[in-house]
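For reference, the structure is listed below as structure tokens.
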Amino acid sequence: MTKTAILVLQDTNTLSLAAAVDPLRAANRQSERKLYDWSFATPTNEDVQLTSGLTVPAAPLQRVVSCDLLILVAGFNVIPQATPALLSSIRRLTAPGTVLMTIDGGAWLAAKAGLLDGHAATTHWEDLAEFSASFPDITLQNARFVTSGNRWTSSGAAPTLDMMLQLIELQHGTSLSTRVAAGFIHTRAPSSTDPQIRHPDARRHSALTNKAHAIMEDALDTPIPIPTIAKKLGLSTRCLQLHFQQVLGITPKTHYLTLRLAEAHRLIKHTKTPLHSIALATGFGSQSSLARAHSEKYGASPRTTRTTCQFDPQF
């Protein structure tokens with residue numbers, strides 16, 4: 001039986017927590033054996049409230065003696081909760097042979113504890129740039145979930161279900177994993193290495209524009225010339241432009257600018273990143289260039305947008 005401790009932080013997404021726990025419950029049910037035994041833990045002796053309003057009763061992690069599987073589930077406001085005492089408890093429980101899993105913002109906790117150094121990992125797409133800059137000793141991947149030895153990291157709720165199914169398959173076989181997936185009517189299993197799409201619109205994209213879209217998203221800070229993107233796709237520039245017009249009704253250049261501005265707008269509203277740094281991170285040569293483009297797109301300057309929005313920290 002795998003003894004499991006599930007640490008839940010304040011402001012965690014309910015779906016992320018369910019995606020971690022319910023596959024374990026379903027594995028027990030489908031196998032008619034208690035393969036997994038789990039308990040919930042909290043950072044302190046205070047109850048934890050999820051973003052949905054549900055409450056996890058207080059059960060301090062420091063009271064957990066040992067576990068075979070440690071799952072860190074987090075969402076918003078992670079860093080203020082990453083106290084030295086909590087990080088110490090996480091390090092203590094991550095003994096040799098213990099599998100450490102992180103979900104969404106949980107990767108920040110593991111990284112702060114030094115438990116992902118030298119490993120490949122992922123986190124939610126909104127945090128990729130900041131995470132990479134904060135933890136250079138971690139090989140960050142834009143992927144749905146990543147396994148690196150006994151370190152498993154998931155970018156969000158939906159990939160977590162696939163990650164848990166892979167764990168069940170590894171520990172108890174394909175047959176059980178398949179039955180658990182069937183119980184959730186889960187019939188499509190994307191690859192763990194599929195990239196996270198930051199600004200998806202799959203209903204409109206064709207296979208070709210989607211590939212161009214992915215190339216653009218991987219280079220928001222240093223925009224690639226449209227002719228170079230066309231060459232990467234084995235097309236002429238004119239052919240790529242015509243295809244974008246036919247499928248999306250806009251030029252590749254306009255689509256690229258829209259992606260860059262959408263990322264800049266998100267960083268302005270939801271992070272404290274300096275505006276000049278946001279300009280550089282989204283491919284604008286200066287803060288004034290970003291300000292002009294942002295004002296034209298959103299009807300307000302970056303500074304005004306940041307002043308009037310209700311700041312919602314992600315980590």
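Naming works like this for the structure tokens: A, B, ... for the chains as they're shown, residue 1 at the start of each chain, ligands 1 onward in shown order.
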
**DSSP strand (DSSP E) selection over region 14-201 of chain A, as a ChimeraX atom specification** = /A:36-41,48-49,55-56,69-74,99-104,120-121,139-140,145-148,151-154

**Close residues, Ala182 (chain A) itself excluded, 12 Å, only C-alpha atoms, min 3 positions apart in chain, as an NGL selection string** = :A and (23 or 26-27 or 30 or 165 or 175-179 or 185-189)

With N, CA and C atoms retained, could you export that selection as a PDB file, in the first residue's frame?
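File written: part_28.pdb
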```pdb
ATOM      1  N   PRO A  23      -8.241   9.740  -8.793  1.00  0.00           N
ATOM      2  CA  PRO A  23      -7.672   8.555  -9.438  1.00  0.00           C
ATOM      3  C   PRO A  23      -7.168   7.518  -8.427  1.00  0.00           C
ATOM      4  N   ALA A  26     -10.263   5.790  -7.195  1.00  0.00           N
ATOM      5  CA  ALA A  26     -10.781   4.908  -8.234  1.00  0.00           C
ATOM      6  C   ALA A  26      -9.911   3.662  -8.394  1.00  0.00           C
ATOM      7  N   ALA A  27      -8.611   3.815  -8.199  1.00  0.00           N
ATOM      8  CA  ALA A  27      -7.716   2.653  -8.281  1.00  0.00           C
ATOM      9  C   ALA A  27      -8.039   1.647  -7.182  1.00  0.00           C
ATOM     10  N   GLN A  30     -11.456   0.010  -8.263  1.00  0.00           N
ATOM     11  CA  GLN A  30     -11.365  -0.892  -9.394  1.00  0.00           C
ATOM     12  C   GLN A  30     -10.576  -2.160  -9.062  1.00  0.00           C
ATOM     13  N   LEU A 165      -2.816   8.731 -13.806  1.00  0.00           N
ATOM     14  CA  LEU A 165      -3.046   7.485 -14.541  1.00  0.00           C
ATOM     15  C   LEU A 165      -1.725   6.829 -14.908  1.00  0.00           C
ATOM     16  N   SER A 175      -3.760  -2.489 -17.233  1.00  0.00           N
ATOM     17  CA  SER A 175      -5.159  -2.881 -17.115  1.00  0.00           C
ATOM     18  C   SER A 175      -5.890  -2.029 -16.084  1.00  0.00           C
ATOM     19  N   LEU A 176      -5.284  -1.859 -14.916  1.00  0.00           N
ATOM     20  CA  LEU A 176      -5.928  -1.058 -13.875  1.00  0.00           C
ATOM     21  C   LEU A 176      -6.008   0.406 -14.295  1.00  0.00           C
ATOM     22  N   SER A 177      -4.933   0.937 -14.863  1.00  0.00           N
ATOM     23  CA  SER A 177      -4.934   2.326 -15.300  1.00  0.00           C
ATOM     24  C   SER A 177      -6.032   2.579 -16.334  1.00  0.00           C
ATOM     25  N   THR A 178      -6.215   1.625 -17.232  1.00  0.00           N
ATOM     26  CA  THR A 178      -7.248   1.754 -18.264  1.00  0.00           C
ATOM     27  C   THR A 178      -8.642   1.738 -17.654  1.00  0.00           C
ATOM     28  N   ARG A 179      -8.842   0.883 -16.661  1.00  0.00           N
ATOM     29  CA  ARG A 179     -10.151   0.819 -16.014  1.00  0.00           C
ATOM     30  C   ARG A 179     -10.449   2.098 -15.238  1.00  0.00           C
ATOM     31  N   ILE A 185     -14.653   8.318 -17.883  1.00  0.00           N
ATOM     32  CA  ILE A 185     -14.991   8.542 -19.295  1.00  0.00           C
ATOM     33  C   ILE A 185     -13.849   9.320 -19.957  1.00  0.00           C
ATOM     34  N   HIS A 186     -12.635   8.946 -19.615  1.00  0.00           N
ATOM     35  CA  HIS A 186     -11.448   9.627 -20.120  1.00  0.00           C
ATOM     36  C   HIS A 186     -10.884   8.779 -21.253  1.00  0.00           C
ATOM     37  N   THR A 187     -11.117   9.208 -22.481  1.00  0.00           N
ATOM     38  CA  THR A 187     -10.769   8.373 -23.625  1.00  0.00           C
ATOM     39  C   THR A 187      -9.589   8.893 -24.423  1.00  0.00           C
ATOM     40  N   ARG A 188      -9.234  10.161 -24.250  1.00  0.00           N
ATOM     41  CA  ARG A 188      -8.106  10.709 -25.002  1.00  0.00           C
ATOM     42  C   ARG A 188      -6.972  11.033 -24.046  1.00  0.00           C
ATOM     43  N   ALA A 189      -5.804  10.519 -24.358  1.00  0.00           N
ATOM     44  CA  ALA A 189      -4.652  10.758 -23.501  1.00  0.00           C
ATOM     45  C   ALA A 189      -3.565  11.486 -24.283  1.00  0.00           C
TER      46      ALA A 189
END
```

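Using only C-alpha atoms, the smallest distance between any of A:Thr304, A:Gln49, A:Ser289, A:Thr160 and Ile103 (chain A) comes from A:Thr160.
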
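Comparing the minimum interatomic distances between Leu69 (chain A) and each of A:Ser301, A:Asn142, A:Asn150, A:Thr4, counting only C-alpha atoms, we find that A:Thr4 sits nearest.
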
**Contact residues around Pro84 (chain A) with only C-alpha atoms at 9 Å, ignoring same-chain residues under 4 positions, as a list in words** =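 Final neighbour list, sorted by chain and number: Ser88, Ser89 and Ala113 of chain A.
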
**Request:** Rank nothing, just name the residue among A:Arg303, A:Ile79, A:Arg151, A:Leu170 nearest to Pro274 (chain A), using only C-alpha atoms.
**Result:** A:Arg303

Residues of region 141-234 of chain A that have any atom at most 6 Å from an atom of region 277-283 of chain A: could you tabulate them with the shortest-distance atom pair and the distance in Å to one decimal, using only C-alpha atoms, ordered by chain and increasing number, as CSV?
```
residue,atom,partner,partner_atom,distance
A:Leu220,CA,A:Thr282,CA,5.0
A:Asp221,CA,A:Gly283,CA,4.2
A:Thr222,CA,A:Gly283,CA,5.2
A:Pro223,CA,A:Gly283,CA,5.9
```

Restricting the output to N, CA and C atoms, write the selected residues as a PDB file, in the first residue's frame.
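As a result, result-v3.pdb now contains:
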```pdb
ATOM      1  N   LEU A 220       7.993  34.814 -27.929  1.00  0.00           N
ATOM      2  CA  LEU A 220       7.306  36.092 -27.713  1.00  0.00           C
ATOM      3  C   LEU A 220       8.303  37.206 -27.401  1.00  0.00           C
ATOM      4  N   ASP A 221       9.418  36.859 -26.756  1.00  0.00           N
ATOM      5  CA  ASP A 221      10.381  37.884 -26.355  1.00  0.00           C
ATOM      6  C   ASP A 221      11.264  38.335 -27.516  1.00  0.00           C
ATOM      7  N   THR A 222      11.550  37.441 -28.430  1.00  0.00           N
ATOM      8  CA  THR A 222      12.358  37.781 -29.599  1.00  0.00           C
ATOM      9  C   THR A 222      11.604  37.335 -30.850  1.00  0.00           C
ATOM     10  N   PRO A 223      10.669  38.153 -31.319  1.00  0.00           N
ATOM     11  CA  PRO A 223       9.819  37.751 -32.443  1.00  0.00           C
ATOM     12  C   PRO A 223      10.611  37.295 -33.666  1.00  0.00           C
TER      13      PRO A 223
END
```

**Request:** Within 10 Å of Leu167 (chain A), counting only C-alpha atoms, which residues show up once you throw out same-chain ones fewer than 3 positions away? Write them as a ChimeraX atom specification, please.
**Result:** /A:23-24,147,152,161-164,170-173,177

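If you measure from each of A:Ala129, A:Val180, A:Leu72, A:Leu248 to Asn210 (chain A) using only C-alpha atoms, the closest one turns out to be A:Leu248.
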
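From CA of Glu46 (chain A) back to CA of Leu15 (chain A), the distance works out to 21.5 Å.
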
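Computed from the coordinates, the CA of Ala82 (chain A) to CA of Leu109 (chain A) distance equals 6.3 Å.
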
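Across the structure, CA of Ala121 (chain A) and CA of Ile138 (chain A) are spaced 6.9 Å apart.
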
**Message:** List the spatial neighbours of Thr2 (chain A) as a list in words - criterion: any atom at most 7 Å away, only C-alpha atoms, same-chain residues fewer than 4 positions off excluded.
**Reply:** Leu35, Tyr36, Asp37, Asp68 and Leu69 of chain A

**Message:** Can you tell me which residues surround Asp117 (chain A) at a distance of at most 12 Å, considering only C-alpha atoms, apart from same-chain residues fewer than 5 positions away, and format the answer as a PyMOL selection string?
**Reply:** chain A and resi 107-108+110-112+132+134-140+148+151

Based on the selection just made, write N, CA and C atoms of those residues as an mmCIF file, in the first residue's frame.
```
data_model
loop_
_atom_site.group_PDB
_atom_site.id
_atom_site.type_symbol
_atom_site.label_atom_id
_atom_site.label_comp_id
_atom_site.auth_asym_id
_atom_site.auth_seq_id
_atom_site.Cartn_x
_atom_site.Cartn_y
_atom_site.Cartn_z
ATOM 1 N N ALA A 107 4.982 23.277 -7.835
ATOM 2 C CA ALA A 107 6.374 23.241 -8.286
ATOM 3 C C ALA A 107 7.207 24.332 -7.624
ATOM 4 N N TRP A 108 6.554 25.475 -7.321
ATOM 5 C CA TRP A 108 7.279 26.555 -6.646
ATOM 6 C C TRP A 108 7.742 26.124 -5.254
ATOM 7 N N ALA A 110 8.398 22.980 -4.241
ATOM 8 C CA ALA A 110 9.483 22.019 -4.388
ATOM 9 C C ALA A 110 10.773 22.710 -4.814
ATOM 10 N N ALA A 111 10.646 23.696 -5.700
ATOM 11 C CA ALA A 111 11.825 24.418 -6.162
ATOM 12 C C ALA A 111 12.443 25.244 -5.032
ATOM 13 N N LYS A 112 11.600 25.921 -4.256
ATOM 14 C CA LYS A 112 12.105 26.704 -3.119
ATOM 15 C C LYS A 112 12.806 25.817 -2.101
ATOM 16 N N SER A 132 11.473 30.075 -14.601
ATOM 17 C CA SER A 132 12.768 29.836 -15.229
ATOM 18 C C SER A 132 13.818 30.810 -14.724
ATOM 19 N N SER A 134 13.757 32.364 -11.864
ATOM 20 C CA SER A 134 13.952 32.189 -10.421
ATOM 21 C C SER A 134 14.778 30.953 -10.079
ATOM 22 N N PHE A 135 14.693 29.922 -10.931
ATOM 23 C CA PHE A 135 15.348 28.644 -10.605
ATOM 24 C C PHE A 135 16.160 28.138 -11.804
ATOM 25 N N PRO A 136 17.323 28.740 -12.043
ATOM 26 C CA PRO A 136 18.122 28.376 -13.224
ATOM 27 C C PRO A 136 18.684 26.958 -13.182
ATOM 28 N N ASP A 137 18.724 26.326 -12.027
ATOM 29 C CA ASP A 137 19.271 24.972 -11.927
ATOM 30 C C ASP A 137 18.246 23.896 -12.266
ATOM 31 N N ILE A 138 17.029 24.319 -12.616
ATOM 32 C CA ILE A 138 15.967 23.388 -13.014
ATOM 33 C C ILE A 138 15.776 23.487 -14.521
ATOM 34 N N THR A 139 15.690 22.343 -15.192
ATOM 35 C CA THR A 139 15.441 22.322 -16.631
ATOM 36 C C THR A 139 13.943 22.436 -16.858
ATOM 37 N N LEU A 140 13.477 23.645 -17.107
ATOM 38 C CA LEU A 140 12.037 23.881 -17.241
ATOM 39 C C LEU A 140 11.565 23.510 -18.638
ATOM 40 N N SER A 148 10.844 13.099 -13.927
ATOM 41 C CA SER A 148 12.300 13.143 -13.882
ATOM 42 C C SER A 148 12.746 12.373 -12.648
ATOM 43 N N ARG A 151 10.725 12.628 -9.346
ATOM 44 C CA ARG A 151 10.115 13.958 -9.306
ATOM 45 C C ARG A 151 9.114 14.054 -10.463
#
```

**Request:** Write out as an MDAnalysis selection string each polymer residue whose atoms come within 10 Å of Phe40 (chain A), counting only C-alpha atoms; drop sequence neighbours fewer than 5 positions from it.
**Result:** chainID A and resid 4:8 21 56:61 64 71

Convert the current residue selection to file output with C-alpha atoms, as a PDB file, in the first residue's frame.
```
ATOM      1  CA  THR A   4       0.329   9.236   0.541  1.00  0.00           C
ATOM      2  CA  ALA A   5       0.453  12.721   2.037  1.00  0.00           C
ATOM      3  CA  ILE A   6      -1.313  15.488   0.094  1.00  0.00           C
ATOM      4  CA  LEU A   7      -0.310  19.013   1.067  1.00  0.00           C
ATOM      5  CA  VAL A   8      -2.976  21.570   0.110  1.00  0.00           C
ATOM      6  CA  VAL A  21      -7.071  12.363  -5.259  1.00  0.00           C
ATOM      7  CA  VAL A  56      -9.695  21.490   4.081  1.00  0.00           C
ATOM      8  CA  PRO A  57      -9.524  21.059   7.874  1.00  0.00           C
ATOM      9  CA  ALA A  58      -6.249  21.964   9.540  1.00  0.00           C
ATOM     10  CA  ALA A  59      -3.721  19.116   9.663  1.00  0.00           C
ATOM     11  CA  PRO A  60      -0.170  20.561   9.812  1.00  0.00           C
ATOM     12  CA  LEU A  61       2.324  18.827   7.547  1.00  0.00           C
ATOM     13  CA  VAL A  64       3.267  13.720   9.175  1.00  0.00           C
ATOM     14  CA  ILE A  71       1.835  15.483  -3.434  1.00  0.00           C
TER      15      ILE A  71
END
```
